[in-house]
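In what follows, a single structure is set out as structure tokens and then discussed.
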Amino acid sequence: MTNWKSYLRAELPPLAADPARQAEIVEELAQHLAELERETVASGATPEEAHAAALAELSNRQALAHEIRRTDRSQPASTPPPIEPSGRFLAGLAQDVRYGCRQLARTPLFAATVVVILALGIGINAATYSVVRNVLLEPLPFRSPEQLTIVWWADKNSTTAFQGSAPVSGPNFLDWRRESCSFEHLVAMAPESVTMTGLGEAERLQGTVTTAGLFEALDTQPSIGRTFRVDDEQPGRNNVAIISDAFWRNRLGADPHVLGRSLTLDGEAHTVIGIMPPGFQHPSPWSVGKPTDVWIPLARDVLKEDGRGANQFIVLGRLKPDVTYAAAQAEMTAISERLVRDYPDVDNPGVALLIPLRQVLVGGLAGGLWMLLVASVLLFVIVCVNVAGLFVARAARRHTEMAIRAGLGASRGRLVRQFATEHLPLCALGATASVAVAVAATRALRAIVPPSIPRIDEIRVDGSVLAITLTLSLVVALLASVVPALTASRRALAEALRQSRGPAASRRGTGRRVLVVAQFALTLVLAHGAALMLRSYWTLRSMDMGFRTENVLTMRLVLSGSRYEELEHAGAFFDETVRRVESLPGVTRAAAINRLPLEGGTNSTATIEGRDPGLGRGPLVETRTITPGYFDAMGIRLISGRTFTDLDGASGSLPVVVVNQAMARQCWPDENPIGKRFRFGEENPWMTIVGVVADTREWGIEEPAIPEAYAINGASPFRQRLSFLVIRTATDPMSLVGAVRREIARIDQDQPVTDIRTMAGVVDTAVAVRRFGTMLVSLFAFTALMLVVAAIYALMSSFVAQRTPEIGVRMALGGTRGGVFRLILSNALMLTGIGATIGLVGVVATAGLARGLVYGISPSDPVTVAGGAALLVVIALAGSLVPAWRAIRVDPVQALRAE
Amino acid sequence: MLNHQLKKGSAELLVLALIEDRPRHGYEIGKLIESRSDGALRFHVASLYPTLYRLEKRGLIVGRWIEKAGQRRRRYYRLTPAGRSLLAEHRTNWETFIFALMRVAGLRTV
């Protein structure tokens with residue numbers, strides 16, 4: 001080995017004035033040369049070659065000496081003041097942010113896409129959660145709402161899975177109130193519309209009759225005046241009223257002297273004794289979406305008049321603070337069992353059943369709303385994955401840039417910071433825009449939420465969920481920054497510069513492919529849910545409901561005033577109305593009924609003639625009272641026998657009924673029901689069946705038909721008041737409203753006409769909640785599909801761009817366009833296949849969740865599942881066709897030249 | 001091989017960047033430049049050491065003899081705070097320059 005120190009001392013011109021400095025420099029250079037020589041030998045060169053290589057370093061020794069001397073002589077430059085570490089970080093950050101903004105300004109389309117997708121994803125998710133939270137999760141707006149309970153009078157056999165509403169009779173309620181000690185307050189109430197006269201035109205008000213203690217149970221005091229006292233329940237002393245704040249402002253002009261003022265309700269004077277605070281409404285499963293204008297005391301005689309068998313009141317209770325549900329339930333069970341024993345003649349034995357108020361109000365909606373939330377969360381995840389894909393794709397395009405930066409010495413942390421500072425402003429912009437989207441979407445939701453969903457007025461954008469989704473999207477942005485920065489390793493510089501395209505480039509697409517597969521899988525789950533809901537909705541809409549909805553006008557007429565207290569007088573009014581309306585041009589048939597289909601009714605237990613009552617209770621039969629033309633007007637098919645004639649309603653005629661097919665099937669499965677007889681309780685007459693008509697859905701569109709009997713007005717043993725006009729028309733039904741109203745006014749101008757709807761509108765209302773859910777989930781699914789089309793398009797486009805040289809080679813070597821086309825499509829379809837397989841696992845896993853929410857279809861219905869998978873294939877093809885077309889148009893010569 | 005002027009202009013940046021994370025001796029710096037650039041960049045003793053001394057004179061780096069057990073002492077260079085801020089400045093300038101070149105001259109990126 002050469003002694004480089006002596007060599008340099010001998011051969012180099014003087015380097016520094018200071019001999020010590022000279023010695024240092026020589027030592028350092030000598031070490032360098034020695035090491036170079038040693039390594040060259042180690043790599044297989046001869047000592048002579050190694051010596052020569054080291055000497056070559058000194059080929060320009062004059063220049064070396066000159067440069068070193070020059071440096072040594074120069075004055076030290078003024079050193080910039082040291083920058084504090086934090087200041088340095090901030091300065092670097094500011095630099096990154098500036099650079100990031102410049103980069104984004106150069107790709108405005110990319111920036112706008114990310115912002116819009118994020119804004120929609122976060123905004124829609126926040127809005128949906130806000131609805132769910134307000135309806136399902138927010139505590140009811142009363143003190144200790146968990147102590148509030150509804151007490152139903154439920155059939156003994158159905159208590160375990162009780163879902164419906166089973167009201168309580170007045171006498172039972174009075175006994176409960178007297179005997180129980182679990183409740184601070186126990187009140188009976190019922191919605192009751194009342195007609196207000198004496199203030200201009202007659203007006204229908206939404207009223208609620210209630211026993212004393214309702215407002216105390218809810219712990220809400222009137223803003224002016226007092227609440228009801230037990231005294232107010234005394235017959236004759238109940239002519240008082242408490243009004244809502246909205247009614248006071250809108251209808252009474254916020255009259256400051258309203259207390260003591262008299263309102264004529266149903267022809268009787270009622271003194272206003274209180275105004276409830278703004279926004280107050282008592283909770284009741286029967287009046288959701290129908291705010292009460294006026295509360296009237298429920299008098300004792302009214303409570304008792306219909307007897308122990310007439311279940312018609314909602315009972316609301318507030319448990320005493322130290323009483324548990326179990327203890328209260330045990331006490332109420334004991335009381336109700338004693339009542340059943342004491343009154344064996346009553347034909348509706350049952351048991352008191354406590355159900356928390358919240359569950360009564362929102363229990364039926366919970367499944368659908370949770371599903372909605374799951375769908376919107378799925379959409380949000382798809383949005384995040386989509387945005388991550390966009391970021392990763394962008395990073396992949398900038399691989400060379402990153403490699404150069406890494407080569408120039410940028411640390412990985414620094415690269416992460418660079419990406420993050422580019423991505424974070426985008427996410428911040430998206431998040432800001434999402435607030436506007438959330439507000440707008442919440443407003444839109446509030447407008448389209450069906451009124452039967454409780455507490456929609458309270459729906460507000462939920463700040464916490466906005467914060468959570470926002471944070472999540474920032475996390476996504478950061479993750480999407482870290483991954484590409486880590487892959488841009490320093491060693492990759494040369495590689496990146498040398499081969500900008502080719503195998504290395506295609507390897508880098510793995511992350512994006514995983515993201516696309518994830519989107520396929522999630523979208524399949526979401527699209528499957530939407531398909532199930534759409535099919536359920538379609539099944540419901542195309543189902544035979546037993547009546548024909550087209551060209552049917554309905555309106556409500558609740559007669560008030562002493563003239564109509566007798567059922568016969570009210571019936572005569574309707575007979576006259578029907579006769580006059582039928583004579584109007586454009587009306588083909590008119591009729592009246594006590595309650596429209598789909599909107600509930602009343603039922604009683606029937607006794608069938610010739611059957612031993614000891615065998616058990618007879619069937620529960622829906623009762624409807626109609627005028628003769630009802631079946632024609634509503635378009636209900638006659639199956640056998642006959643419908644009513646005017647003669648059936650004549651006084652003194654034998655009571656006859658028309659029953660539906662469900663009753664015929666259930667009670668006389670193998671016999672002709674015509675001529676058979678049944679009755680309700682021993683005190684009522686036997687009724688003879690003269691006809692059988694088609695089943696109609698009475699308790700909701702998704703409820704199966706139940707046994708039903710129609711009787712004619714005038715000779716109805718059911719003692720029901722007619723309330724609705726049903727008019728079949730030859731023209732647009734709504735065009736006849738004016739003429740019909742005029743005819744009614746000619747008979748009695750004090751009777752208000754309300755609820756003017758077509759029968760199609762009635763059906764619409766019945767499916768409103770389902771339509772709402774279906775619409776939203778479909779919208780989510782559609783958005784997801786669009787996102788996944790965009791994702792597969794982007795992926796396949798860059799796949800084609802990367803493979804252009806390869807495609808060029810293939811074509812040059814005789815490959816066909818068909819082959820290239822297949823290469824691209826098979827790639828897309830492989831991703832679809834993997835995504836669909838994972839998605840199918842998701843579909844199966846979530847089938848249980850969807851079971852209760854679909855109608856007439858299985859949640860894992862093979863046709864729907866196959867349809868979903870097929871849709872994904874179509875989507876994949878749609879997204880890849882343009883890139884594939886681009887690929888087959890590759891000119892081999894051009895492609896190879898570019899390489 | 002890159003043009004001499006281009007190389008000279010980038011020498012400061014390369015040296016500063018390579019001792020950003022930890023101190024290195026001159027031979028190691030030269031080897032790293034060569035290996036990381038895949039041979040595209042190579043500095044002779046005659047250009048490397050004057051650059052180091054110049055940077056040291058300007059207070060951007062500090063050289064210190066360090067002796068390790070069983071080895072001869074070697075001169076290790078580390079970055080001063082001033083050097084660190086100059087490095088950041090260099091980086092920005094070079095980034096701007098390189099990407100401007102890419103855009104203007106149509107240099108190929110992936």
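In the structure tokens, chains take letters A, B, ... by order of appearance, with residues numbered from 1 within each chain and ligands from 1 in the order shown.
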Skipping near chain neighbours, those fewer than 5 positions away, what residues fall within 8 Å of Ile756 of chain A using only C-alpha atoms, listed as a PDB file with C-alpha atoms, in the first residue's frame?
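This went into around_4.pdb:
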ATOM      1  CA  LEU A 553    -111.747  11.539  -3.890  1.00  0.00           C
ATOM      2  CA  THR A 554    -112.061  11.291  -0.119  1.00  0.00           C
ATOM      3  CA  MET A 555    -112.808  13.909   2.506  1.00  0.00           C
ATOM      4  CA  ARG A 556    -113.522  13.989   6.183  1.00  0.00           C
ATOM      5  CA  VAL A 737    -113.643  19.498  -4.508  1.00  0.00           C
TER       6      VAL A 737
END
Contact residues around Gln751 of chain A with only C-alpha atoms at 12 Å, ignoring same-chain residues under 6 positions, as a PyMOL selection string:
chain A and resi 194-197+201-204+266-267+556-561+563-564+570+573-574+577+723+741-745
Keeping only N, CA and C atoms, write the selected residues as a tab-separated table (two decimals), in the first residue's frame.
chain	number	residue	atom	x	y	z
A	194	VAL	N	-112.22	18.45	17.38
A	194	VAL	CA	-113.39	19.22	17.79
A	194	VAL	C	-113.60	20.35	16.78
A	195	THR	N	-114.84	20.78	16.66
A	195	THR	CA	-115.15	21.87	15.74
A	195	THR	C	-115.31	23.15	16.55
A	196	MET	N	-114.56	24.17	16.13
A	196	MET	CA	-114.68	25.45	16.82
A	196	MET	C	-115.57	26.36	15.97
A	197	THR	N	-116.59	26.94	16.59
A	197	THR	CA	-117.45	27.88	15.87
A	197	THR	C	-117.47	29.19	16.64
A	201	GLU	N	-115.37	31.34	10.15
A	201	GLU	CA	-115.81	30.07	9.60
A	201	GLU	C	-115.57	28.94	10.61
A	202	ALA	N	-116.44	27.93	10.58
A	202	ALA	CA	-116.25	26.78	11.46
A	202	ALA	C	-114.91	26.14	11.15
A	203	GLU	N	-114.22	25.65	12.20
A	203	GLU	CA	-112.86	25.15	11.99
A	203	GLU	C	-112.64	23.89	12.80
A	204	ARG	N	-111.97	22.93	12.16
A	204	ARG	CA	-111.63	21.69	12.84
A	204	ARG	C	-110.37	21.92	13.66
A	266	ASP	N	-117.38	22.10	19.59
A	266	ASP	CA	-118.47	21.15	19.38
A	266	ASP	C	-119.78	21.70	19.94
A	267	GLY	N	-119.99	23.01	19.76
A	267	GLY	CA	-121.25	23.62	20.16
A	267	GLY	C	-121.34	23.97	21.63
A	556	ARG	N	-113.07	14.32	4.84
A	556	ARG	CA	-113.52	13.99	6.18
A	556	ARG	C	-114.54	15.02	6.63
A	557	LEU	N	-115.57	14.53	7.27
A	557	LEU	CA	-116.66	15.38	7.75
A	557	LEU	C	-117.04	14.88	9.14
A	558	VAL	N	-116.52	15.52	10.16
A	558	VAL	CA	-116.91	15.07	11.50
A	558	VAL	C	-117.99	16.02	11.99
A	559	LEU	N	-119.20	15.52	12.05
A	559	LEU	CA	-120.33	16.40	12.34
A	559	LEU	C	-120.29	16.82	13.81
A	560	SER	N	-120.51	18.09	14.05
A	560	SER	CA	-120.55	18.55	15.43
A	560	SER	C	-121.80	19.39	15.63
A	561	GLY	N	-122.16	19.56	16.85
A	561	GLY	CA	-123.36	20.32	17.16
A	561	GLY	C	-124.45	19.38	17.66
A	563	ARG	N	-127.42	19.05	16.88
A	563	ARG	CA	-128.32	18.45	15.89
A	563	ARG	C	-127.90	17.04	15.50
A	564	TYR	N	-126.58	16.76	15.60
A	564	TYR	CA	-126.09	15.48	15.09
A	564	TYR	C	-125.70	14.52	16.20
A	570	ALA	N	-127.12	12.12	12.22
A	570	ALA	CA	-125.84	12.20	11.49
A	570	ALA	C	-125.91	11.35	10.24
A	573	PHE	N	-127.80	13.00	7.54
A	573	PHE	CA	-127.00	14.05	6.91
A	573	PHE	C	-126.12	13.45	5.81
A	574	PHE	N	-125.47	12.32	6.13
A	574	PHE	CA	-124.60	11.69	5.15
A	574	PHE	C	-125.39	11.13	3.96
A	577	THR	N	-126.08	14.02	1.84
A	577	THR	CA	-124.85	14.49	1.19
A	577	THR	C	-124.51	13.58	0.01
A	723	SER	N	-117.83	9.20	8.85
A	723	SER	CA	-116.91	10.35	8.91
A	723	SER	C	-116.33	10.73	7.55
A	741	ARG	N	-117.90	20.67	-1.87
A	741	ARG	CA	-117.99	21.53	-0.69
A	741	ARG	C	-119.26	22.38	-0.73
A	742	ARG	N	-119.58	22.88	-1.92
A	742	ARG	CA	-120.78	23.72	-2.03
A	742	ARG	C	-122.03	22.91	-1.67
A	743	GLU	N	-122.07	21.65	-2.14
A	743	GLU	CA	-123.24	20.82	-1.83
A	743	GLU	C	-123.36	20.61	-0.32
A	744	ILE	N	-122.21	20.38	0.33
A	744	ILE	CA	-122.24	20.15	1.79
A	744	ILE	C	-122.70	21.42	2.50
A	745	ALA	N	-122.18	22.57	2.05
A	745	ALA	CA	-122.55	23.83	2.69
A	745	ALA	C	-124.05	24.10	2.53
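One finds atom CA of Gly700 of chain A at 28.2 Å from atom CA of Pro862 of chain A.
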Near chain A, which residues of chain B fall within 8 Å when you count only C-alpha atoms, and what do they look like as an mmCIF file with C-alpha atoms, in the first residue's frame?
data_model
loop_
_atom_site.group_PDB
_atom_site.id
_atom_site.type_symbol
_atom_site.label_atom_id
_atom_site.label_comp_id
_atom_site.auth_asym_id
_atom_site.auth_seq_id
_atom_site.Cartn_x
_atom_site.Cartn_y
_atom_site.Cartn_z
ATOM 1 C CA LEU B 13 -26.763 20.794 -1.502
ATOM 2 C CA LEU B 14 -25.575 17.211 -1.838
ATOM 3 C CA ALA B 17 -28.157 16.771 2.606
ATOM 4 C CA LEU B 18 -25.941 13.767 3.251
ATOM 5 C CA GLU B 20 -28.373 16.008 7.674
ATOM 6 C CA GLY B 26 -15.289 12.851 3.560
ATOM 7 C CA TYR B 27 -14.713 9.469 1.941
ATOM 8 C CA ARG B 36 -27.142 6.967 -4.443
ATOM 9 C CA SER B 37 -27.010 8.624 -7.820
ATOM 10 C CA ASP B 38 -26.258 5.248 -9.316
ATOM 11 C CA HIS B 44 -13.109 13.750 -7.081
ATOM 12 C CA VAL B 45 -10.971 14.633 -4.130
ATOM 13 C CA ALA B 46 -10.181 17.856 -5.947
ATOM 14 C CA SER B 47 -13.784 19.010 -5.855
ATOM 15 C CA TYR B 49 -12.592 18.535 -0.139
ATOM 16 C CA PRO B 50 -12.501 22.165 -1.246
ATOM 17 C CA TYR B 53 -13.570 23.251 3.652
ATOM 18 C CA ARG B 54 -15.572 26.042 2.073
ATOM 19 C CA LYS B 57 -15.274 28.115 6.704
ATOM 20 C CA ARG B 58 -18.785 29.509 6.223
ATOM 21 C CA GLY B 59 -19.954 27.931 9.460
ATOM 22 C CA LEU B 60 -22.429 25.633 7.765
ATOM 23 C CA ARG B 74 -11.024 10.436 11.085
ATOM 24 C CA ARG B 75 -12.527 13.780 10.444
ATOM 25 C CA PRO B 81 -27.973 25.146 12.628
ATOM 26 C CA ALA B 82 -27.016 27.623 9.954
ATOM 27 C CA SER B 85 -31.465 26.301 7.385
ATOM 28 C CA ALA B 88 -33.884 23.873 3.564
ATOM 29 C CA ARG B 91 -33.979 22.279 -1.276
ATOM 30 C CA THR B 92 -36.786 24.682 -2.050
ATOM 31 C CA GLU B 95 -37.269 21.751 -6.167
ATOM 32 C CA THR B 109 -42.231 12.019 -15.421
ATOM 33 C CA VAL B 110 -44.223 8.912 -14.701
#
Residues near segment 586-600 of chain A, cut-off 7 Å, only C-alpha atoms, skip fewer than 3 positions along chain, as a PyMOL selection string:
chain A and resi 574+578+581-582+624-630+632-633+696-701+720-731+766
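Interatomic distance, atom CA of Val476 of chain A against atom CA of Cys384 of chain A: 6.5 Å.
For the set B:Asn93, B:Gln71, B:Thr51, B:Thr80, the residue with the smallest atom-to-atom gap to Asp21 of chain B is B:Thr80, counting only C-alpha atoms.
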For Tyr77 of chain B, please output as JSON, numbers by chain all residues within 8 Å (counting only C-alpha atoms; exclusion window: fewer than 6 positions along the same chain).
{"B": [19, 23, 24, 25, 26, 61, 62, 63, 64]}
Hey, which of A:Leu55, A:Met332, A:Leu8, A:Val26 ends up closest to Asn172 of chain A? Count only C-alpha atoms.
A:Met332
Strand (DSSP E) positions in segment 134-359 of chain A, given as number ranges by chain:
A: 148-154, 168-169, 183-197, 203-210, 224-225, 240-243, 262-265, 268-275, 294-297, 311-319, 351-356
Quick one: write out the picked residues with C-alpha atoms as a PDB file, in the first residue's frame?
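So again18.pdb came out as:
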ATOM      1  CA  LEU A 148     -92.591   7.675  31.632  1.00  0.00           C
ATOM      2  CA  THR A 149     -94.486   4.633  30.454  1.00  0.00           C
ATOM      3  CA  ILE A 150     -97.493   3.744  28.382  1.00  0.00           C
ATOM      4  CA  VAL A 151     -99.764   1.114  29.938  1.00  0.00           C
ATOM      5  CA  TRP A 152    -101.560  -1.006  27.355  1.00  0.00           C
ATOM      6  CA  TRP A 153    -104.366  -3.492  27.901  1.00  0.00           C
ATOM      7  CA  ALA A 154    -102.874  -6.312  25.905  1.00  0.00           C
ATOM      8  CA  VAL A 168    -107.630   0.730  27.760  1.00  0.00           C
ATOM      9  CA  SER A 169    -111.310   1.114  28.675  1.00  0.00           C
ATOM     10  CA  PHE A 183     -97.214   5.845  39.754  1.00  0.00           C
ATOM     11  CA  GLU A 184     -96.790   9.488  40.597  1.00  0.00           C
ATOM     12  CA  HIS A 185     -99.372  10.171  37.911  1.00  0.00           C
ATOM     13  CA  LEU A 186    -101.520   7.922  35.760  1.00  0.00           C
ATOM     14  CA  VAL A 187    -103.611   9.599  33.076  1.00  0.00           C
ATOM     15  CA  ALA A 188    -106.006   8.484  30.342  1.00  0.00           C
ATOM     16  CA  MET A 189    -106.239  10.451  27.140  1.00  0.00           C
ATOM     17  CA  ALA A 190    -107.436  10.223  23.565  1.00  0.00           C
ATOM     18  CA  PRO A 191    -107.106  12.400  20.499  1.00  0.00           C
ATOM     19  CA  GLU A 192    -110.423  13.920  19.546  1.00  0.00           C
ATOM     20  CA  SER A 193    -110.994  16.456  16.858  1.00  0.00           C
ATOM     21  CA  VAL A 194    -113.391  19.224  17.789  1.00  0.00           C
ATOM     22  CA  THR A 195    -115.151  21.874  15.744  1.00  0.00           C
ATOM     23  CA  MET A 196    -114.680  25.455  16.818  1.00  0.00           C
ATOM     24  CA  THR A 197    -117.450  27.875  15.874  1.00  0.00           C
ATOM     25  CA  GLU A 203    -112.865  25.149  11.988  1.00  0.00           C
ATOM     26  CA  ARG A 204    -111.627  21.687  12.840  1.00  0.00           C
ATOM     27  CA  LEU A 205    -109.173  21.683  15.723  1.00  0.00           C
ATOM     28  CA  GLN A 206    -106.944  18.877  16.888  1.00  0.00           C
ATOM     29  CA  GLY A 207    -108.077  18.231  20.416  1.00  0.00           C
ATOM     30  CA  THR A 208    -106.997  15.851  23.134  1.00  0.00           C
ATOM     31  CA  VAL A 209    -109.236  14.792  25.975  1.00  0.00           C
ATOM     32  CA  THR A 210    -107.302  13.902  29.106  1.00  0.00           C
ATOM     33  CA  ILE A 224    -100.008  31.314  31.650  1.00  0.00           C
ATOM     34  CA  GLY A 225    -102.851  29.936  33.755  1.00  0.00           C
ATOM     35  CA  VAL A 240    -112.598  24.307  30.449  1.00  0.00           C
ATOM     36  CA  ALA A 241    -109.722  24.154  27.958  1.00  0.00           C
ATOM     37  CA  ILE A 242    -105.971  24.552  27.828  1.00  0.00           C
ATOM     38  CA  ILE A 243    -104.622  25.733  24.485  1.00  0.00           C
ATOM     39  CA  SER A 262    -114.852  31.331  26.036  1.00  0.00           C
ATOM     40  CA  LEU A 263    -114.351  29.095  22.998  1.00  0.00           C
ATOM     41  CA  THR A 264    -117.257  27.254  21.386  1.00  0.00           C
ATOM     42  CA  LEU A 265    -116.052  23.703  20.854  1.00  0.00           C
ATOM     43  CA  GLU A 268    -120.384  23.989  23.853  1.00  0.00           C
ATOM     44  CA  ALA A 269    -118.693  26.897  25.585  1.00  0.00           C
ATOM     45  CA  HIS A 270    -115.266  26.104  27.076  1.00  0.00           C
ATOM     46  CA  THR A 271    -113.355  28.562  29.237  1.00  0.00           C
ATOM     47  CA  VAL A 272    -109.653  28.917  28.499  1.00  0.00           C
ATOM     48  CA  ILE A 273    -107.730  28.304  31.714  1.00  0.00           C
ATOM     49  CA  GLY A 274    -104.153  27.977  30.446  1.00  0.00           C
ATOM     50  CA  ILE A 275    -101.674  28.271  27.582  1.00  0.00           C
ATOM     51  CA  VAL A 294    -106.616  22.299  22.609  1.00  0.00           C
ATOM     52  CA  TRP A 295    -106.722  19.994  25.656  1.00  0.00           C
ATOM     53  CA  ILE A 296    -110.095  19.297  27.267  1.00  0.00           C
ATOM     54  CA  PRO A 297    -110.736  17.414  30.529  1.00  0.00           C
ATOM     55  CA  ASN A 311    -110.857  -0.100  24.913  1.00  0.00           C
ATOM     56  CA  GLN A 312    -110.315   3.417  23.658  1.00  0.00           C
ATOM     57  CA  PHE A 313    -107.900   5.415  25.835  1.00  0.00           C
ATOM     58  CA  ILE A 314    -104.149   5.709  25.935  1.00  0.00           C
ATOM     59  CA  VAL A 315    -102.849   5.468  29.484  1.00  0.00           C
ATOM     60  CA  LEU A 316     -99.648   7.317  30.307  1.00  0.00           C
ATOM     61  CA  GLY A 317     -97.909   6.937  33.651  1.00  0.00           C
ATOM     62  CA  ARG A 318     -94.955   8.392  35.473  1.00  0.00           C
ATOM     63  CA  LEU A 319     -93.363   5.884  37.815  1.00  0.00           C
ATOM     64  CA  VAL A 351    -103.392  -7.802  31.147  1.00  0.00           C
ATOM     65  CA  ALA A 352    -101.864  -4.409  31.831  1.00  0.00           C
ATOM     66  CA  LEU A 353     -98.556  -4.128  30.012  1.00  0.00           C
ATOM     67  CA  LEU A 354     -96.019  -1.403  30.754  1.00  0.00           C
ATOM     68  CA  ILE A 355     -93.943  -0.286  27.799  1.00  0.00           C
ATOM     69  CA  PRO A 356     -91.483   2.615  28.115  1.00  0.00           C
TER      70      PRO A 356
END
